[in-house]
>>> print(open('work-v6.cif').read())   # mmCIF, C-alpha atoms
data_input
#
loop_
_atom_site.label_atom_id
_atom_site.label_comp_id
_atom_site.auth_asym_id
_atom_site.auth_seq_id
_atom_site.Cartn_x
_atom_site.Cartn_y
_atom_site.Cartn_z
CA MET A 1 35.31 -5.73 255.63
CA ASN A 2 35.97 -7.24 252.21
CA SER A 3 33.29 -9.21 250.38
CA TRP A 4 33.58 -12.98 250.04
CA HIS A 5 34.49 -12.58 246.34
CA ASP A 6 37.32 -10.17 247.18
CA LEU A 7 38.66 -12.53 249.83
CA VAL A 8 38.70 -15.44 247.39
CA GLN A 9 40.59 -13.33 244.85
CA LYS A 10 43.18 -12.34 247.44
CA ALA A 11 43.62 -15.92 248.59
CA LEU A 12 44.11 -17.14 245.01
CA LEU A 13 46.43 -14.36 243.82
CA GLY A 14 48.34 -13.76 247.06
CA THR A 15 48.38 -10.76 249.34
CA GLU A 16 51.62 -9.40 247.84
CA ARG A 17 49.96 -8.98 244.43
CA GLN A 18 47.18 -6.75 245.76
CA PRO A 19 47.25 -2.98 244.97
CA GLU A 20 47.65 -2.03 248.63
CA VAL A 21 49.71 -4.24 250.91
CA THR A 22 49.63 -3.37 254.60
CA ALA A 23 51.62 -4.78 257.49
CA GLY A 24 50.24 -8.13 258.52
CA ALA A 25 48.22 -8.51 255.32
CA GLU A 26 48.21 -12.31 255.60
CA GLN A 27 46.85 -12.20 259.15
CA ALA A 28 44.23 -9.66 258.13
CA LEU A 29 43.15 -11.86 255.23
CA LEU A 30 42.72 -14.89 257.49
CA ALA A 31 40.76 -12.81 260.01
CA ASP A 32 38.44 -11.50 257.28
CA ILE A 33 37.88 -15.03 255.96
CA THR A 34 36.95 -16.19 259.46
CA HIS A 35 34.48 -13.32 259.89
CA GLN A 36 32.89 -13.92 256.51
CA ALA A 37 32.66 -17.68 257.09
CA TYR A 38 30.77 -17.18 260.36
CA ARG A 39 28.59 -14.53 258.74
CA ARG A 40 27.65 -16.87 255.89
CA ARG A 41 27.04 -19.73 258.31
CA ALA A 42 24.89 -17.66 260.68
CA GLY A 43 22.97 -16.16 257.80
CA ALA A 44 21.99 -19.46 256.19
CA ARG A 45 18.27 -19.79 255.59
CA PRO A 46 16.32 -23.06 255.61
CA ASP A 47 15.24 -24.38 252.24
CA LEU A 48 11.47 -23.93 252.45
CA ARG A 49 10.97 -26.41 249.62
CA LEU A 50 12.16 -29.26 251.85
CA GLY A 51 9.29 -28.84 254.30
CA GLY A 52 9.06 -29.64 257.98
CA TRP A 53 11.05 -26.58 259.06
CA ASP A 54 8.11 -24.95 260.87
CA SER A 55 7.05 -28.03 262.90
CA PRO A 56 8.58 -28.89 266.28
CA ALA A 57 10.94 -31.84 266.55
CA PRO A 58 9.23 -35.03 267.79
CA ALA A 59 10.38 -36.68 270.98
CA ASP A 60 13.21 -39.19 270.70
CA LYS A 61 12.44 -42.82 271.51
CA ARG A 62 15.92 -43.97 272.50
CA PRO A 63 17.64 -42.78 275.69
CA PRO A 64 20.53 -40.32 275.33
CA CYS A 65 24.11 -41.41 275.81
CA THR A 66 25.78 -40.55 279.10
CA PRO A 67 27.46 -37.13 279.52
CA GLU A 68 30.83 -38.90 279.56
CA ALA A 69 30.07 -40.63 276.25
CA ALA A 70 28.89 -37.33 274.75
CA ALA A 71 32.13 -35.67 275.85
CA LEU A 72 34.13 -38.48 274.24
CA LEU A 73 32.20 -38.10 270.98
CA GLY A 74 32.79 -34.35 271.09
CA ALA A 75 36.52 -34.88 271.44
CA ASN A 76 36.49 -37.35 268.54
CA LEU A 77 34.51 -34.94 266.35
CA SER A 78 36.97 -32.15 267.13
CA SER A 79 39.90 -34.34 266.13
CA SER A 80 38.11 -35.58 262.97
CA LYS A 81 39.49 -39.08 263.59
CA THR A 82 37.08 -41.11 261.49
CA TRP A 83 37.94 -44.49 262.99
CA LEU A 84 37.24 -43.26 266.54
CA ILE A 85 33.92 -41.73 265.49
CA GLN A 86 33.09 -44.96 263.67
CA GLU A 87 33.77 -47.02 266.80
CA TRP A 88 31.70 -44.66 268.98
CA LEU A 89 28.70 -44.81 266.63
CA GLU A 90 28.89 -48.60 266.39
CA LEU A 91 28.91 -48.95 270.18
CA ALA A 92 26.02 -46.48 270.50
CA ARG A 93 24.00 -48.48 267.99
CA GLN A 94 24.70 -51.71 269.87
CA GLN A 95 23.71 -50.14 273.20
CA GLY A 96 20.55 -48.57 271.77
CA VAL A 97 21.41 -44.99 272.76
CA ARG A 98 21.47 -41.76 270.76
CA PRO A 99 23.98 -38.90 270.55
CA ALA A 100 23.39 -35.67 272.44
CA ALA A 101 21.07 -33.28 270.58
CA HIS A 102 23.66 -30.51 270.24
CA GLN A 103 26.00 -32.92 268.40
CA LEU A 104 23.51 -33.82 265.67
CA PRO A 105 24.47 -31.06 263.16
CA GLU A 106 28.15 -31.98 263.32
CA LEU A 107 27.36 -35.69 263.01
CA LEU A 108 25.12 -35.12 259.99
CA GLU A 109 27.87 -33.07 258.39
CA MET A 110 30.44 -35.80 259.08
CA GLY A 111 28.10 -38.34 257.48
CA ARG A 112 27.80 -36.11 254.41
CA ARG A 113 31.57 -35.90 254.01
CA SER A 114 32.45 -39.53 254.83
CA ARG A 115 30.93 -42.50 253.03
CA VAL A 116 32.41 -44.71 255.77
CA LEU A 117 30.49 -42.86 258.49
CA ARG A 118 27.28 -42.22 256.56
CA GLN A 119 25.79 -45.64 257.23
CA LEU A 120 26.51 -45.46 260.98
CA VAL A 121 25.24 -41.89 261.32
CA PHE A 122 22.04 -42.95 259.57
CA ALA A 123 21.62 -45.94 261.92
CA THR A 124 22.30 -43.90 265.08
CA LEU A 125 19.85 -41.05 264.43
CA ASP A 126 16.59 -40.94 266.37
CA ALA A 127 13.43 -38.87 265.80
CA ARG A 128 15.07 -35.47 266.40
CA GLY A 129 17.96 -36.29 264.08
CA ARG A 130 15.59 -37.40 261.31
CA TRP A 131 13.60 -34.19 261.82
CA LEU A 132 16.75 -32.10 261.56
CA ALA A 133 18.15 -33.83 258.47
CA PRO A 134 15.65 -32.40 255.92
CA GLN A 135 16.45 -28.84 257.03
CA ARG A 136 19.52 -28.90 254.76
CA SER A 137 19.64 -30.47 251.33
CA GLU A 138 23.15 -31.82 252.04
CA TRP A 139 21.73 -33.99 254.83
CA LEU A 140 18.91 -35.57 252.87
CA TYR A 141 20.78 -38.89 252.90
CA ALA A 142 19.56 -39.31 256.49
CA THR A 143 15.88 -39.09 255.50
CA LEU A 144 15.83 -42.27 253.43
CA ASP A 145 13.08 -44.78 254.19
CA VAL A 146 13.98 -48.06 252.48
CA THR A 147 10.43 -49.34 253.06
CA ASP A 148 9.07 -46.56 250.80
CA ASP A 149 9.27 -48.32 247.43
CA ARG A 150 8.32 -45.26 245.37
CA SER A 151 10.98 -43.01 246.89
CA VAL A 152 13.65 -45.68 246.64
CA GLN A 153 12.83 -46.43 243.01
CA ALA A 154 12.79 -42.72 242.12
CA ILE A 155 16.32 -42.33 243.46
CA LEU A 156 17.54 -45.48 241.73
CA ASP A 157 16.06 -44.29 238.43
CA SER A 158 17.09 -40.63 238.40
CA GLY A 159 18.85 -39.67 241.64
CA LEU A 160 22.33 -38.25 241.95
CA ALA A 161 25.18 -40.77 241.94
CA ALA A 162 25.90 -40.28 245.66
CA GLU A 163 22.20 -40.71 246.49
CA GLN A 164 21.96 -43.89 244.43
CA GLN A 165 25.04 -45.37 246.08
CA PHE A 166 23.67 -44.65 249.55
CA VAL A 167 20.32 -46.21 248.66
CA VAL A 168 22.08 -49.33 247.37
CA GLN A 169 24.17 -49.44 250.55
CA GLN A 170 20.98 -49.39 252.63
CA LEU A 171 19.17 -51.88 250.40
CA ARG A 172 22.03 -54.37 250.78
CA LEU A 173 21.03 -54.56 254.45
CA HIS A 174 17.28 -54.82 253.85
CA ASP A 175 16.72 -56.08 250.29
CA PRO A 176 20.09 -57.27 248.91
CA ASP A 177 18.59 -58.84 245.77
CA ARG A 178 17.03 -55.53 244.72
CA ALA A 179 20.32 -53.72 245.30
CA ARG A 180 22.18 -56.30 243.23
CA GLY A 181 19.60 -55.90 240.47
CA TRP A 182 20.42 -52.19 240.22
CA ILE A 183 24.15 -52.96 240.08
CA GLU A 184 23.60 -55.56 237.34
CA ARG A 185 21.54 -53.06 235.35
CA ILE A 186 24.15 -50.28 235.27
CA TRP A 187 27.27 -52.49 235.24
CA PRO A 188 27.74 -52.61 231.42
CA ASP A 189 27.92 -48.79 231.14
CA ALA A 190 29.96 -48.16 234.31
CA ASN A 191 33.61 -47.10 234.19
CA SER A 192 36.28 -48.98 236.14
CA ARG A 193 36.17 -46.63 239.14
CA LEU A 194 32.39 -46.98 239.49
CA ARG A 195 32.64 -50.75 239.08
CA MET A 196 35.09 -51.00 241.97
CA LEU A 197 32.79 -48.82 244.07
CA MET A 198 29.79 -51.03 243.27
CA LEU A 199 31.74 -54.13 244.28
CA ASP A 200 32.51 -52.46 247.60
CA LEU A 201 28.77 -51.88 248.06
CA MET A 202 28.10 -55.60 247.62
CA GLY A 203 30.05 -56.54 250.75
CA PRO A 204 27.17 -56.03 253.22
CA GLY A 205 24.47 -58.66 252.86
CA LEU A 206 26.69 -60.90 250.71
CA SER A 207 25.18 -64.35 250.16
CA MET A 208 25.07 -67.22 247.71
CA SER A 209 22.31 -65.34 245.86
CA ASP A 210 25.06 -63.02 244.63
CA GLU A 211 27.34 -65.87 243.53
CA PRO A 212 26.11 -66.31 239.91
CA PHE A 213 26.54 -62.59 239.15
CA LEU A 214 29.99 -62.44 240.77
CA GLU A 215 31.17 -65.65 239.12
CA GLY A 216 30.39 -64.11 235.73
CA LEU A 217 32.46 -61.03 236.58
CA LEU A 218 35.60 -63.18 236.77
CA ASP A 219 35.62 -62.92 232.96
CA GLU A 220 36.25 -59.15 233.15
CA GLU A 221 39.48 -57.92 231.57
CA SER A 222 40.48 -55.76 234.55
CA LEU A 223 42.72 -57.60 237.00
CA GLY A 224 41.65 -55.20 239.75
CA VAL A 225 37.99 -56.08 239.21
CA ARG A 226 38.76 -59.82 239.12
CA ARG A 227 40.74 -59.59 242.35
CA ARG A 228 37.96 -57.68 244.11
CA VAL A 229 35.38 -60.19 242.86
CA ALA A 230 37.58 -63.05 244.05
CA ASP A 231 37.82 -61.38 247.47
CA LEU A 232 34.02 -61.32 247.69
CA LEU A 233 33.61 -64.90 246.48
CA SER A 234 36.23 -66.12 248.96
CA ARG A 235 33.83 -65.02 251.71
CA LEU A 236 31.36 -67.62 250.43
CA PRO A 237 32.78 -71.08 251.30
CA GLU A 238 30.19 -72.74 249.04
CA SER A 239 31.00 -70.68 245.93
CA ARG A 240 32.43 -72.25 242.80
CA LEU A 241 35.61 -70.23 243.23
CA ALA A 242 36.02 -71.62 246.76
CA GLY A 243 35.68 -75.12 245.34
CA ARG A 244 38.39 -74.47 242.76
CA MET A 245 40.67 -72.97 245.41
CA ALA A 246 40.11 -75.99 247.66
CA ALA A 247 41.14 -78.35 244.83
CA ARG A 248 44.30 -76.31 244.22
CA ALA A 249 45.15 -76.30 247.93
CA ARG A 250 44.92 -80.10 248.07
CA ARG A 251 47.15 -80.32 245.01
CA TYR A 252 49.82 -77.84 246.03
CA LEU A 253 50.17 -78.36 249.81
CA ARG A 254 51.29 -81.49 251.64
CA TRP A 255 51.82 -82.52 255.24
CA VAL A 256 55.38 -83.36 256.31
CA PRO A 257 55.18 -85.63 259.40
CA ALA A 258 57.32 -85.05 262.48
CA GLN A 259 60.59 -87.00 262.61
CA GLY A 260 62.45 -87.28 265.90
CA ARG A 261 62.85 -83.79 267.28
CA THR A 262 61.71 -82.19 264.03
CA LEU A 263 58.15 -80.88 264.24
CA ALA A 264 55.52 -81.57 261.60
CA THR A 265 55.44 -78.92 258.88
CA ILE A 266 53.46 -78.00 255.77
CA ALA A 267 55.26 -77.84 252.42
CA LEU A 268 54.29 -76.08 249.21
CA GLN A 269 54.62 -77.62 245.74
CA PRO A 270 53.56 -74.69 243.55
CA PRO A 271 52.87 -74.84 239.82
CA ALA A 272 55.65 -73.64 237.56
CA GLN A 273 53.22 -71.26 235.89
CA LEU A 274 49.67 -70.16 236.68
CA SER A 275 46.97 -71.61 234.46
CA GLU A 276 44.35 -69.58 232.60
CA SER A 277 41.79 -70.68 235.19
CA GLU A 278 43.97 -69.43 238.04
CA LEU A 279 44.54 -66.10 236.32
CA ARG A 280 40.77 -65.81 235.79
CA ASP A 281 40.27 -66.31 239.52
CA GLY A 282 42.35 -63.22 240.29
CA LEU A 283 45.66 -64.93 241.03
CA ALA A 284 48.28 -62.73 239.41
CA GLU A 285 51.82 -63.92 238.85
CA PRO A 286 53.54 -63.52 242.23
CA VAL A 287 56.16 -60.89 242.89
CA ARG A 288 58.48 -60.36 245.81
CA GLN A 289 56.80 -58.10 248.35
CA GLY A 290 58.28 -57.20 251.73
CA GLN A 291 59.49 -60.27 253.59
CA LEU A 292 57.77 -62.69 251.19
CA ASN A 293 59.55 -64.31 248.26
CA ARG A 294 57.84 -65.59 245.12
CA GLN A 295 56.66 -68.84 246.72
CA GLY A 296 55.50 -67.07 249.87
CA TRP A 297 53.44 -64.54 247.91
CA GLN A 298 51.95 -67.31 245.77
CA LEU A 299 50.99 -69.31 248.86
CA LEU A 300 49.42 -66.28 250.53
CA ASN A 301 47.26 -65.66 247.45
CA PHE A 302 46.02 -69.24 247.51
CA LEU A 303 45.33 -69.44 251.22
CA ARG A 304 43.34 -66.28 251.73
CA ALA A 305 40.87 -67.33 249.02
CA THR A 306 40.59 -70.98 250.14
CA PRO A 307 37.67 -72.16 252.33
CA LEU A 308 38.95 -73.08 255.78
CA TRP A 309 37.04 -76.35 255.96
CA VAL A 310 39.46 -77.87 253.45
CA TRP A 311 42.36 -77.93 255.92
CA THR A 312 40.82 -80.15 258.58
CA GLU A 313 39.60 -82.37 255.76
CA HIS A 314 42.90 -82.45 253.85
CA PHE A 315 45.06 -82.78 256.97
CA PRO A 316 43.40 -85.25 259.40
CA TYR A 317 44.68 -83.53 262.53
CA PRO A 318 43.18 -81.21 265.16
CA LEU A 319 43.07 -77.55 264.24
CA GLU A 320 45.67 -76.63 266.87
CA GLU A 321 48.16 -79.13 265.39
CA ILE A 322 47.62 -77.76 261.88
CA ILE A 323 48.38 -74.23 263.10
CA ALA A 324 51.44 -75.49 265.00
CA ALA A 325 52.70 -77.15 261.81
CA GLY A 326 52.19 -73.88 259.97
CA LEU A 327 54.25 -72.04 262.57
CA ALA A 328 57.06 -74.59 262.23
CA SER A 329 57.11 -74.38 258.42
CA GLU A 330 59.56 -72.51 256.25
CA LEU A 331 56.72 -70.40 254.83
CA ASP A 332 55.18 -69.71 258.25
CA VAL A 333 54.39 -66.05 257.55
CA SER A 334 52.39 -66.88 254.41
CA LEU A 335 50.56 -69.79 256.08
CA ILE A 336 49.49 -67.94 259.22
CA ARG A 337 48.73 -64.66 257.44
CA GLY A 338 46.74 -66.48 254.77
CA TRP A 339 44.70 -68.43 257.33
CA ALA A 340 44.10 -65.26 259.36
CA THR A 341 42.83 -63.39 256.29
CA ALA A 342 40.58 -66.31 255.36
CA ALA A 343 39.21 -66.49 258.93
CA GLU A 344 38.45 -62.78 258.82
CA ARG A 345 36.75 -62.94 255.41
CA GLN A 346 34.74 -66.06 256.23
CA GLU A 347 34.03 -64.88 259.81
CA ASN A 348 35.13 -68.29 261.09
CA LEU A 349 35.12 -68.07 264.89
CA ALA A 350 36.84 -71.44 265.49
CA TRP A 351 39.82 -70.52 263.31
CA ALA A 352 40.01 -66.98 264.70
CA GLU A 353 40.16 -68.26 268.28
CA ALA A 354 42.69 -70.99 267.44
CA LEU A 355 44.96 -68.50 265.67
CA LEU A 356 44.72 -65.74 268.27
CA PHE A 357 45.17 -68.01 271.30
CA GLY A 358 47.73 -70.31 269.68
CA CYS A 359 49.92 -67.82 267.87
CA PRO A 360 51.30 -64.93 269.97
CA GLU A 361 52.98 -63.48 266.87
CA ILE A 362 49.54 -62.60 265.51
CA VAL A 363 48.80 -60.51 268.58
CA GLU A 364 52.19 -58.83 268.24
CA GLY A 365 51.28 -57.89 264.66
CA ARG A 366 53.73 -60.05 262.70
CA TYR A 367 51.19 -62.23 260.92
CA ALA A 368 47.92 -60.32 260.82
CA SER A 369 46.16 -57.07 261.67
CA ALA A 370 43.93 -56.28 264.62
CA SER A 371 40.82 -56.74 262.45
CA LEU A 372 40.88 -60.48 263.17
CA LEU A 373 39.83 -59.58 266.72
CA GLN A 374 36.51 -58.22 265.44
CA ILE A 375 35.29 -61.78 264.88
CA LEU A 376 35.46 -62.47 268.62
CA SER A 377 32.62 -61.46 270.91
CA PRO A 378 33.35 -58.78 273.54
CA ALA A 379 33.65 -61.59 276.10
CA GLY A 380 36.07 -63.41 273.79
CA ARG A 381 38.24 -60.30 273.37
CA GLU A 382 38.30 -59.86 277.14
CA GLN A 383 39.29 -63.50 277.59
CA LEU A 384 42.09 -63.08 275.04
CA THR A 385 43.41 -59.99 276.82
CA LEU A 386 43.42 -61.80 280.17
CA PHE A 387 45.15 -64.76 278.54
CA TYR A 388 48.05 -62.61 277.32
CA VAL A 389 48.21 -60.61 280.56
CA GLY A 390 49.20 -63.86 282.24
CA GLN A 391 52.05 -64.57 279.84
CA PRO A 392 55.66 -63.96 280.98
CA ASP A 393 56.25 -61.37 278.25
CA ASP A 394 52.92 -59.67 277.66
CA GLY A 395 54.31 -56.27 276.69
CA PRO A 396 53.72 -56.26 272.91
CA ALA A 397 50.25 -57.79 273.22
CA ILE A 398 49.04 -55.36 275.87
CA LYS A 399 50.47 -52.35 274.05
CA ARG A 400 48.72 -53.43 270.86
CA TYR A 401 45.28 -54.31 272.21
CA GLY A 402 45.18 -53.41 275.91
#
>>> encode(input="work-v6.cif", output="structure tokens")
Amino acid sequence: MNSWHDLVQKALLGTERQPEVTAGAEQALLADITHQAYRRRAGARPDLRLGGWDSPAPADKRPPCTPEAAALLGANLSSSKTWLIQEWLELARQQGVRPAAHQLPELLEMGRRSRVLRQLVFATLDARGRWLAPQRSEWLYATLDVTDDRSVQAILDSGLAAEQQFVVQQLRLHDPDRARGWIERIWPDANSRLRMLMLDLMGPGLSMSDEPFLEGLLDEESLGVRRRVADLLSRLPESRLAGRMAARARRYLRWVPAQGRTLATIALQPPAQLSESELRDGLAEPVRQGQLNRQGWQLLNFLRATPLWVWTEHFPYPLEEIIAAGLASELDVSLIRGWATAAERQENLAWAEALLFGCPEIVEGRYASASLLQILSPAGREQLTLFYVGQPDDGPAIKRYG
């Protein structure tokens, strides 16, 4: 059998360029790689410096998931479909159960490879999983104790970039001010890619305590950074940006009353050119995109960053009538999609329910994505499904969410 080095050389240079080429050389190369990979995997030794390898695993405190749930997780792990694994882990966390013991190594490895899954893997592990994690240096992310100030500070001061980002991600759930302090400290020296990553980390635990720092970032030169900051600030209905967006919405949108058989609508009176203040707030000059023209794209930008409370204040009508007027308007796609995005960002249950129950096109996918459903409780999602099951033409809705 060839050594691992020889196999790598053959794979890089090609089997035809080797001194001796036999029939089925490609198949033989793949077989040798498989043998060597299993040999290396089986021959791995624990890192004795990590400690804990010679002590038995403590008993888990949470009950195991059912065999059926374990089989479903196994199928998801085999398919490497991140979104299905993510959903499984979230449901397990909510139900207070743990994965089957034999699935822990694969889960820890998935958490190492996927920043999206890392947080959920960490939250789902029980005593045995936390005992197993230190056995490999690649799994040390799962050993973090955010209540251990010395360990946390040591990582923030001199840890690897991936370790620091995971610590900040955890701190945003337990001590968001401390996490923001670390971001503020390294922000001036960070490149644009790292800055975007740090803004993503600020999503969990977002509050008005973060508003002064984020408001200052609207002066950044990068349009991408300003847009991401504006996205975060739009989730805070009391932020200064939300106040400015509310004033613009009152200025640019007006109610057109019903006349005879013509339904009430909402009309847009956009500015001829965006002001410096609007550009600062992440509103780029609109371009035609998909089914939206210039006005439609401009309206969508305004709406998704505008606090939802402004509409029932600006238009003195019930919420259902406001949505109906939006549906009857010329720019209906921008209005409904903008409101849906705002409801999702602001986690506004009243608007989410009114849009989902009052606008079948949302459920069919024309105006918004399925993520708006996440605002509803499980009982609310069940009620919505039953509501559309009873409709004359429930096909698209049931296919999408049923």
>>> atom_distance(input="work-v6.cif", atom1="atom CA of A:Gln259", atom2="atom CA of A:His314")
20.3 Å
>>> closest_residue(input="work-v6.cif", among="A:Gly216, A:Gly224, A:Glu109, A:Asp145", to="A:Arg193", atoms="all atoms listed in the file")
A:Gly224
>>> axis_aligned_box(input="work-v6.cif", around="stretch 61-77 of chain A", padding_each_side="6 Å", output="JSON")
{"center_x": 24.5, "center_y": -39.2, "center_z": 273.0, "size_x": 36.1, "size_y": 21.6, "size_z": 25.2}
>>> resolve_selection(input="work-v6.cif", expression="the PyMOL selection byres ((chain A and resi 357) around 10)", output="number ranges by chain")
A: 320, 351-356, 358-360, 362-363, 383-385, 387-388
>>> resolve_selection(input="work-v6.cif", expression="the PyMOL selection byres ((chain A and resi 329) around 12)", output="PyMOL selection string")
chain A and resi 253-258+262-268+296+322-328+330-336
>>> write_last_selection(input="work-v6.cif", atoms="C-alpha atoms", output="PDB file, in the coordinates of the input")
ATOM      1  CA  LEU A 253      50.170 -78.360 249.810  1.00  0.00           C
ATOM      2  CA  ARG A 254      51.290 -81.490 251.640  1.00  0.00           C
ATOM      3  CA  TRP A 255      51.820 -82.520 255.240  1.00  0.00           C
ATOM      4  CA  VAL A 256      55.380 -83.360 256.310  1.00  0.00           C
ATOM      5  CA  PRO A 257      55.180 -85.630 259.400  1.00  0.00           C
ATOM      6  CA  ALA A 258      57.320 -85.050 262.480  1.00  0.00           C
ATOM      7  CA  THR A 262      61.710 -82.190 264.030  1.00  0.00           C
ATOM      8  CA  LEU A 263      58.150 -80.880 264.240  1.00  0.00           C
ATOM      9  CA  ALA A 264      55.520 -81.570 261.600  1.00  0.00           C
ATOM     10  CA  THR A 265      55.440 -78.920 258.880  1.00  0.00           C
ATOM     11  CA  ILE A 266      53.460 -78.000 255.770  1.00  0.00           C
ATOM     12  CA  ALA A 267      55.260 -77.840 252.420  1.00  0.00           C
ATOM     13  CA  LEU A 268      54.290 -76.080 249.210  1.00  0.00           C
ATOM     14  CA  GLY A 296      55.500 -67.070 249.870  1.00  0.00           C
ATOM     15  CA  ILE A 322      47.620 -77.760 261.880  1.00  0.00           C
ATOM     16  CA  ILE A 323      48.380 -74.230 263.100  1.00  0.00           C
ATOM     17  CA  ALA A 324      51.440 -75.490 265.000  1.00  0.00           C
ATOM     18  CA  ALA A 325      52.700 -77.150 261.810  1.00  0.00           C
ATOM     19  CA  GLY A 326      52.190 -73.880 259.970  1.00  0.00           C
ATOM     20  CA  LEU A 327      54.250 -72.040 262.570  1.00  0.00           C
ATOM     21  CA  ALA A 328      57.060 -74.590 262.230  1.00  0.00           C
ATOM     22  CA  GLU A 330      59.560 -72.510 256.250  1.00  0.00           C
ATOM     23  CA  LEU A 331      56.720 -70.400 254.830  1.00  0.00           C
ATOM     24  CA  ASP A 332      55.180 -69.710 258.250  1.00  0.00           C
ATOM     25  CA  VAL A 333      54.390 -66.050 257.550  1.00  0.00           C
ATOM     26  CA  SER A 334      52.390 -66.880 254.410  1.00  0.00           C
ATOM     27  CA  LEU A 335      50.560 -69.790 256.080  1.00  0.00           C
ATOM     28  CA  ILE A 336      49.490 -67.940 259.220  1.00  0.00           C
TER      29      ILE A 336
END
>>> atom_distance(input="work-v6.cif", atom1="atom CA of A:Leu372", atom2="atom CA of A:Trp339")
10.6 Å
>>> atom_distance(input="work-v6.cif", atom1="atom CA of A:Leu140", atom2="atom CA of A:Ser207")
29.6 Å
>>> closest_residue(input="work-v6.cif", among="A:Arg261, A:Arg294, A:Arg115, A:Arg235", to="A:Leu197", atoms="all atoms listed in the file")
A:Arg115
>>> residues_around(input="work-v6.cif", residues="stretch 154-162 of chain A", least_positions_apart="2", cutoff="12 Å", atoms="only C-alpha atoms", output="ChimeraX atom specification")
/A:112-115,118,138-141,144-146,148-152,164-169,171,178-183,185-186,190,194,197-198
>>> closest_residue(input="work-v6.cif", among="A:Leu173, A:Ala57, A:Leu349, A:Leu214", to="A:Trp131", atoms="all atoms listed in the file")
A:Ala57
>>> resolve_selection(input="work-v6.cif", expression="the PyMOL selection byres ((chain A and resi 69-77) around 10)", output="ChimeraX atom specification")
/A:64-68,78-89,92,98-103,106-107,110
>>> closest_residue(input="work-v6.cif", among="A:Thr143, A:Ser222, A:Ser275, A:Gln153", to="A:Gly129", atoms="only C-alpha atoms")
A:Thr143
>>> closest_residue(input="work-v6.cif", among="A:Leu236, A:Leu218, A:Pro176, A:Thr34", to="A:Leu201", atoms="all atoms listed in the file")
A:Pro176
>>> residues_around(input="work-v6.cif", residues="A:Asp177", least_positions_apart="5", cutoff="8 Å", atoms="only C-alpha atoms", output="PyMOL selection string")
chain A and resi 172+209-210
>>> residues_near_point(input="work-v6.cif", point="(35.3, -64.5, 248.3)", cutoff="12 Å", atoms="only C-alpha atoms", output="MDAnalysis selection string")
chainID A and resid 199 202:203 206:208 210:211 214:215 218 226:245 281:282 302:308 341:347
